[in-house]
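**Student:** Below is the file protein_10.pdb, which contains PDB, C-alpha atoms, pLDDT in the B column.
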ATOM      1  CA  MET A   1    -138.672  -3.330  56.704  1.00 66.00           C
ATOM      2  CA  ALA A   2    -138.785  -1.437  53.478  1.00 69.00           C
ATOM      3  CA  ASP A   3    -135.220  -0.329  54.112  1.00 75.00           C
ATOM      4  CA  LEU A   4    -134.128  -3.941  54.605  1.00 78.00           C
ATOM      5  CA  GLN A   5    -135.645  -4.992  51.283  1.00 80.00           C
ATOM      6  CA  THR A   6    -133.941  -2.126  49.564  1.00 80.00           C
ATOM      7  CA  LEU A   7    -130.597  -3.057  51.090  1.00 78.00           C
ATOM      8  CA  GLU A   8    -131.022  -6.669  49.954  1.00 80.00           C
ATOM      9  CA  GLN A   9    -131.470  -5.501  46.381  1.00 80.00           C
ATOM     10  CA  LEU A  10    -128.068  -3.773  46.343  1.00 79.00           C
ATOM     11  CA  ARG A  11    -125.329  -5.511  44.390  1.00 80.00           C
ATOM     12  CA  ASP A  12    -121.575  -4.933  44.031  1.00 83.00           C
ATOM     13  CA  ILE A  13    -120.365  -2.431  41.471  1.00 85.00           C
ATOM     14  CA  HIS A  14    -119.992  -4.094  38.083  1.00 85.00           C
ATOM     15  CA  LEU A  15    -117.173  -2.706  35.933  1.00 87.00           C
ATOM     16  CA  PRO A  16    -117.673  -2.542  32.197  1.00 88.00           C
ATOM     17  CA  ASN A  17    -115.912  -5.091  30.014  1.00 88.00           C
ATOM     18  CA  PRO A  18    -112.270  -4.108  29.333  1.00 87.00           C
ATOM     19  CA  VAL A  19    -111.635  -2.328  26.073  1.00 84.00           C
ATOM     20  CA  GLY A  20    -110.254  -4.767  23.505  1.00 84.00           C
ATOM     21  CA  TRP A  21    -107.193  -4.064  21.402  1.00 83.00           C
ATOM     22  CA  TRP A  22    -109.105  -4.799  18.217  1.00 85.00           C
ATOM     23  CA  PRO A  23    -110.153  -2.886  16.188  1.00 86.00           C
ATOM     24  CA  LEU A  24    -107.250  -0.512  16.374  1.00 85.00           C
ATOM     25  CA  ALA A  25    -107.650   3.218  16.537  1.00 86.00           C
ATOM     26  CA  GLY A  26    -106.793   5.212  13.403  1.00 88.00           C
ATOM     27  CA  GLY A  27    -103.436   6.402  14.748  1.00 92.00           C
ATOM     28  CA  TRP A  28    -102.203   2.834  15.057  1.00 91.00           C
ATOM     29  CA  TYR A  29    -102.985   2.148  11.413  1.00 92.00           C
ATOM     30  CA  PHE A  30    -100.976   5.217  10.471  1.00 95.00           C
ATOM     31  CA  LEU A  31     -98.064   4.095  12.682  1.00 95.00           C
ATOM     32  CA  VAL A  32     -98.053   0.569  11.207  1.00 95.00           C
ATOM     33  CA  LEU A  33     -98.126   1.977   7.681  1.00 96.00           C
ATOM     34  CA  ALA A  34     -95.291   4.406   8.468  1.00 97.00           C
ATOM     35  CA  LEU A  35     -93.162   1.611   9.955  1.00 97.00           C
ATOM     36  CA  LEU A  36     -93.868  -0.632   6.982  1.00 97.00           C
ATOM     37  CA  LEU A  37     -92.834   2.109   4.553  1.00 97.00           C
ATOM     38  CA  LEU A  38     -89.693   2.757   6.607  1.00 98.00           C
ATOM     39  CA  VAL A  39     -88.709  -0.915   6.515  1.00 97.00           C
ATOM     40  CA  ILE A  40     -89.334  -1.103   2.749  1.00 97.00           C
ATOM     41  CA  GLY A  41     -87.337   2.091   2.185  1.00 97.00           C
ATOM     42  CA  LEU A  42     -84.391   0.933   4.294  1.00 97.00           C
ATOM     43  CA  THR A  43     -84.391  -2.444   2.564  1.00 97.00           C
ATOM     44  CA  TYR A  44     -84.378  -0.801  -0.864  1.00 96.00           C
ATOM     45  CA  TYR A  45     -81.606   1.587   0.185  1.00 94.00           C
ATOM     46  CA  GLY A  46     -79.503  -1.254   1.602  1.00 93.00           C
ATOM     47  CA  CYS A  47     -79.966  -3.418  -1.480  1.00 93.00           C
ATOM     48  CA  SER A  48     -79.092  -0.578  -3.851  1.00 90.00           C
ATOM     49  CA  ARG A  49     -75.977   0.302  -1.844  1.00 88.00           C
ATOM     50  CA  TYR A  50     -74.947  -3.331  -1.891  1.00 90.00           C
ATOM     51  CA  ARG A  51     -75.456  -3.527  -5.678  1.00 88.00           C
ATOM     52  CA  HIS A  52     -73.595  -0.241  -6.231  1.00 85.00           C
ATOM     53  CA  GLY A  53     -70.687  -1.458  -4.125  1.00 88.00           C
ATOM     54  CA  ARG A  54     -70.255  -4.694  -6.083  1.00 91.00           C
ATOM     55  CA  ALA A  55     -67.788  -3.204  -8.574  1.00 90.00           C
ATOM     56  CA  LYS A  56     -65.851  -1.543  -5.773  1.00 92.00           C
ATOM     57  CA  ARG A  57     -65.598  -4.803  -3.801  1.00 94.00           C
ATOM     58  CA  GLN A  58     -64.432  -6.698  -6.892  1.00 95.00           C
ATOM     59  CA  ALA A  59     -61.830  -4.045  -7.672  1.00 95.00           C
ATOM     60  CA  LEU A  60     -60.513  -4.138  -4.109  1.00 96.00           C
ATOM     61  CA  ARG A  61     -60.242  -7.948  -4.321  1.00 96.00           C
ATOM     62  CA  HIS A  62     -58.273  -7.637  -7.580  1.00 96.00           C
ATOM     63  CA  LEU A  63     -56.070  -4.997  -5.996  1.00 96.00           C
ATOM     64  CA  ALA A  64     -55.335  -7.264  -3.020  1.00 96.00           C
ATOM     65  CA  GLU A  65     -54.514 -10.104  -5.416  1.00 97.00           C
ATOM     66  CA  TYR A  66     -52.148  -7.867  -7.405  1.00 95.00           C
ATOM     67  CA  GLU A  67     -50.453  -6.770  -4.198  1.00 95.00           C
ATOM     68  CA  ARG A  68     -50.031 -10.394  -3.136  1.00 95.00           C
ATOM     69  CA  GLN A  69     -48.533 -11.227  -6.566  1.00 94.00           C
ATOM     70  CA  TYR A  70     -46.204  -8.222  -6.330  1.00 91.00           C
ATOM     71  CA  LEU A  71     -44.934  -9.259  -2.914  1.00 91.00           C
ATOM     72  CA  GLN A  72     -44.473 -12.824  -4.162  1.00 92.00           C
ATOM     73  CA  ASP A  73     -42.923 -12.186  -7.619  1.00 86.00           C
ATOM     74  CA  GLY A  74     -41.584  -8.659  -7.430  1.00 83.00           C
ATOM     75  CA  ASP A  75     -42.479  -8.112 -11.120  1.00 85.00           C
ATOM     76  CA  ALA A  76     -43.150  -4.384 -10.910  1.00 86.00           C
ATOM     77  CA  GLY A  77     -43.650  -3.899 -14.670  1.00 87.00           C
ATOM     78  CA  ARG A  78     -46.435  -6.463 -15.015  1.00 89.00           C
ATOM     79  CA  ILE A  79     -48.145  -5.441 -11.770  1.00 91.00           C
ATOM     80  CA  SER A  80     -48.055  -1.732 -12.617  1.00 91.00           C
ATOM     81  CA  ALA A  81     -49.671  -2.509 -15.988  1.00 91.00           C
ATOM     82  CA  GLN A  82     -52.374  -4.513 -14.208  1.00 94.00           C
ATOM     83  CA  LEU A  83     -52.897  -1.674 -11.708  1.00 94.00           C
ATOM     84  CA  SER A  84     -53.266   0.876 -14.483  1.00 93.00           C
ATOM     85  CA  GLU A  85     -55.758  -1.396 -16.247  1.00 94.00           C
ATOM     86  CA  LEU A  86     -57.704  -1.935 -13.007  1.00 96.00           C
ATOM     87  CA  LEU A  87     -57.918   1.806 -12.352  1.00 95.00           C
ATOM     88  CA  LYS A  88     -59.164   2.369 -15.903  1.00 95.00           C
ATOM     89  CA  ARG A  89     -61.793  -0.369 -15.546  1.00 94.00           C
ATOM     90  CA  VAL A  90     -63.019   1.131 -12.276  1.00 95.00           C
ATOM     91  CA  ALA A  91     -63.123   4.589 -13.868  1.00 94.00           C
ATOM     92  CA  LEU A  92     -65.225   3.205 -16.734  1.00 93.00           C
ATOM     93  CA  VAL A  93     -67.750   1.873 -14.219  1.00 92.00           C
ATOM     94  CA  TYR A  94     -68.047   5.024 -12.123  1.00 92.00           C
ATOM     95  CA  PHE A  95     -67.636   7.801 -14.708  1.00 92.00           C
ATOM     96  CA  PRO A  96     -69.166   8.427 -18.149  1.00 92.00           C
ATOM     97  CA  ARG A  97     -67.417   6.316 -20.784  1.00 91.00           C
ATOM     98  CA  MET A  98     -66.924   9.256 -23.144  1.00 91.00           C
ATOM     99  CA  ASN A  99     -64.989  11.111 -20.418  1.00 90.00           C
ATOM    100  CA  VAL A 100     -62.700   8.191 -19.525  1.00 91.00           C
ATOM    101  CA  ALA A 101     -62.202   5.767 -22.417  1.00 90.00           C
ATOM    102  CA  GLY A 102     -59.853   7.934 -24.455  1.00 91.00           C
ATOM    103  CA  LEU A 103     -57.659   9.110 -21.595  1.00 91.00           C
ATOM    104  CA  LYS A 104     -53.963   8.262 -21.717  1.00 90.00           C
ATOM    105  CA  GLY A 105     -50.691   9.695 -20.566  1.00 91.00           C
ATOM    106  CA  GLU A 106     -50.802  12.941 -18.635  1.00 93.00           C
ATOM    107  CA  ALA A 107     -54.558  13.311 -19.203  1.00 94.00           C
ATOM    108  CA  TRP A 108     -55.067   9.990 -17.381  1.00 93.00           C
ATOM    109  CA  ILE A 109     -52.935  11.124 -14.434  1.00 93.00           C
ATOM    110  CA  ASP A 110     -54.784  14.473 -14.342  1.00 94.00           C
ATOM    111  CA  PHE A 111     -58.133  12.621 -14.340  1.00 94.00           C
ATOM    112  CA  LEU A 112     -57.028  10.424 -11.426  1.00 94.00           C
ATOM    113  CA  ASN A 113     -55.920  13.510  -9.486  1.00 92.00           C
ATOM    114  CA  ALA A 114     -59.114  15.409 -10.280  1.00 92.00           C
ATOM    115  CA  THR A 115     -61.312  12.550  -9.072  1.00 92.00           C
ATOM    116  CA  SER A 116     -59.252  11.747  -5.999  1.00 90.00           C
ATOM    117  CA  LYS A 117     -59.286  13.118  -2.502  1.00 89.00           C
ATOM    118  CA  ASN A 118     -55.981  13.128  -0.597  1.00 84.00           C
ATOM    119  CA  SER A 119     -54.059  11.170  -3.263  1.00 84.00           C
ATOM    120  CA  ASP A 120     -51.555  12.589  -5.705  1.00 87.00           C
ATOM    121  CA  PHE A 121     -51.080  10.312  -8.694  1.00 90.00           C
ATOM    122  CA  ARG A 122     -48.394  12.606 -10.150  1.00 90.00           C
ATOM    123  CA  ALA A 123     -46.033  10.940  -7.676  1.00 90.00           C
ATOM    124  CA  HIS A 124     -46.878   7.606  -9.356  1.00 89.00           C
ATOM    125  CA  ARG A 125     -46.606   8.888 -12.921  1.00 89.00           C
ATOM    126  CA  GLU A 126     -43.624   6.710 -13.788  1.00 89.00           C
ATOM    127  CA  CYS A 127     -45.224   3.590 -12.288  1.00 88.00           C
ATOM    128  CA  LEU A 128     -48.447   4.065 -14.251  1.00 90.00           C
ATOM    129  CA  LEU A 129     -47.173   5.406 -17.569  1.00 89.00           C
ATOM    130  CA  GLU A 130     -43.618   4.201 -18.127  1.00 88.00           C
ATOM    131  CA  LEU A 131     -42.950   1.156 -15.962  1.00 86.00           C
ATOM    132  CA  PRO A 132     -45.398  -1.169 -17.786  1.00 84.00           C
ATOM    133  CA  TYR A 133     -43.402  -0.722 -21.007  1.00 82.00           C
ATOM    134  CA  LYS A 134     -39.918  -1.304 -19.601  1.00 79.00           C
ATOM    135  CA  ASN A 135     -38.352  -4.715 -20.209  1.00 73.00           C
ATOM    136  CA  ASN A 136     -36.358  -4.777 -16.998  1.00 69.00           C
ATOM    137  CA  ALA A 137     -38.170  -2.712 -14.380  1.00 60.00           C
ATOM    138  CA  GLY A 138     -35.725  -3.548 -11.616  1.00 66.00           C
ATOM    139  CA  GLN A 139     -36.614  -2.998  -7.999  1.00 75.00           C
ATOM    140  CA  VAL A 140     -39.412  -0.437  -7.807  1.00 82.00           C
ATOM    141  CA  ASN A 141     -41.480   0.101  -4.681  1.00 87.00           C
ATOM    142  CA  LEU A 142     -45.141  -0.057  -5.731  1.00 90.00           C
ATOM    143  CA  THR A 143     -46.506   0.078  -2.175  1.00 91.00           C
ATOM    144  CA  PRO A 144     -47.361   3.814  -2.335  1.00 92.00           C
ATOM    145  CA  LEU A 145     -49.188   3.189  -5.628  1.00 93.00           C
ATOM    146  CA  PHE A 146     -51.179   0.377  -4.014  1.00 95.00           C
ATOM    147  CA  ILE A 147     -52.130   2.687  -1.149  1.00 94.00           C
ATOM    148  CA  SER A 148     -53.232   5.477  -3.512  1.00 94.00           C
ATOM    149  CA  ALA A 149     -55.134   3.071  -5.763  1.00 95.00           C
ATOM    150  CA  LYS A 150     -56.940   1.543  -2.789  1.00 95.00           C
ATOM    151  CA  ALA A 151     -57.910   4.983  -1.477  1.00 94.00           C
ATOM    152  CA  TRP A 152     -59.100   6.063  -4.939  1.00 95.00           C
ATOM    153  CA  ILE A 153     -61.230   2.944  -5.410  1.00 95.00           C
ATOM    154  CA  LYS A 154     -62.795   3.295  -1.950  1.00 93.00           C
ATOM    155  CA  GLN A 155     -63.854   6.872  -2.762  1.00 92.00           C
ATOM    156  CA  ARG A 156     -66.135   5.765  -5.617  1.00 90.00           C
ATOM    157  CA  GLY A 157     -69.872   6.194  -5.131  1.00 84.00           C
ATOM    158  CA  ALA A 158     -72.750   4.973  -7.275  1.00 79.00           C
ATOM    159  CA  PRO A 159     -71.845   3.569 -10.684  1.00 82.00           C
ATOM    160  CA  CYS A 160     -72.536   5.667 -13.741  1.00 77.00           C
ATOM    161  CA  LEU A 161     -75.146   4.351 -16.167  1.00 68.00           C
ATOM    162  CA  ASN A 162     -72.919   5.214 -19.162  1.00 63.00           C
TER
END
Let's see the structure in the file written out as structure tokens.

**Tutor:**
Amino acid sequence: MADLQTLEQLRDIHLPNPVGWWPLAGGWYFLVLALLLLVIGLTYYGCSRYRHGRAKRQALRHLAEYERQYLQDGDAGRISAQLSELLKRVALVYFPRMNVAGLKGEAWIDFLNATSKNSDFRAHRECLLELPYKNNAGQVNLTPLFISAKAWIKQRGAPCLN
């Protein structure tokens, strides 16, 4: 009878309460902080790249507009002057002013070649230096100059703080 009373006192196994997700363990706090810093860093990097690319995007829009005008009008003298001015303006944004502002003639062509990858502006010397000052430019193909200018503008990195 004593055994029967003992058996009646037995109960099912009770599991402990499940472990809650809060408070988090220390490793989770570290992981959340690391992810937060990563998101902030990527956002800052993306915003700065976007800001740095503003001048490049504007220059490429101007270049496309000049190309459209050239195909429409065919005025090679005026367009080549505008292209030379655009390249100089871009150079003033991305390089120190004291290194760029006074450049003209062959020094300007040498600067463009020195700062360019895979473009030779010596082939466009006449278009950049002489054509803007001719009264009757005639039929000149500026397409290679547009291609070189576009490639040169796309190669620019972060703007210089002059």

**Student:** Apply the PyMOL selection byres ((chain A and resi 113-130) around 7) to the file shown and report the selected residues as a ChimeraX atom specification.

**Tutor:** /A:80-81,84,105,109-112,131-134,145,148,152

**Student:** For the interface of range 96-157 of chain A with range 47-60 of chain A (cut-off 8 Å, counting only C-alpha atoms), please tabulate each contacting residue of range 96-157 of chain A alongside its nearest pair of atoms and their separation in Å to one decimal, rows sorted by chain and increasing number, as JSON lines.

**Tutor:**
{"residue": "A:Lys150", "atom": "CA", "partner": "A:Leu60", "partner_atom": "CA", "distance": 6.8}
{"residue": "A:Ile153", "atom": "CA", "partner": "A:Lys56", "partner_atom": "CA", "distance": 6.5}
{"residue": "A:Lys154", "atom": "CA", "partner": "A:Lys56", "partner_atom": "CA", "distance": 6.9}
{"residue": "A:Arg156", "atom": "CA", "partner": "A:Lys56", "partner_atom": "CA", "distance": 7.3}
{"residue": "A:Gly157", "atom": "CA", "partner": "A:His52", "partner_atom": "CA", "distance": 7.5}

**Student:** Just the selected residues (C-alpha atoms), exported as an mmCIF file, in the frame of the given file, please.

**Tutor:**
data_model
loop_
_atom_site.group_PDB
_atom_site.id
_atom_site.type_symbol
_atom_site.label_atom_id
_atom_site.label_comp_id
_atom_site.auth_asym_id
_atom_site.auth_seq_id
_atom_site.Cartn_x
_atom_site.Cartn_y
_atom_site.Cartn_z
ATOM 1 C CA LYS A 150 -56.940 1.543 -2.789
ATOM 2 C CA ILE A 153 -61.230 2.944 -5.410
ATOM 3 C CA LYS A 154 -62.795 3.295 -1.950
ATOM 4 C CA ARG A 156 -66.135 5.765 -5.617
ATOM 5 C CA GLY A 157 -69.872 6.194 -5.131
#

**Student:** Measure the distance from CA of Ala64 in chain A to CA of Met98 in chain A in Å and round it to one decimal.

**Tutor:**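 Separating CA of Ala64 in chain A from CA of Met98 in chain A is a distance of 28.5 Å.
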
**Student:** Distance CA of Gln139 in chain A-CA of Glu67 in chain A, one decimal place?

**Tutor:**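 Straight-line distance from CA of Gln139 in chain A to CA of Glu67 in chain A works out to 14.8 Å.
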
**Student:** When you draw a straight line from CA of Tyr94 in chain A to CA of Arg68 in chain A, how long is it in Å?

**Tutor:**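 CA of Tyr94 in chain A sits 25.4 Å away from CA of Arg68 in chain A.
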
**Student:** Scan for residues within 12 Å of the point (-40.1, -11.1, -11.4) in the coordinates of the file, using all atoms listed in the file, and reply as a list in words.

**Tutor:**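 Residues satisfying the cut-off, written out: Gln69, Tyr70, Leu71, Gln72, Asp73, Gly74, Asp75, Ala76, Gly77, Arg78, Ile79, Asn135, Asn136, Ala137, Gly138, Gln139 and Val140 of chain A.
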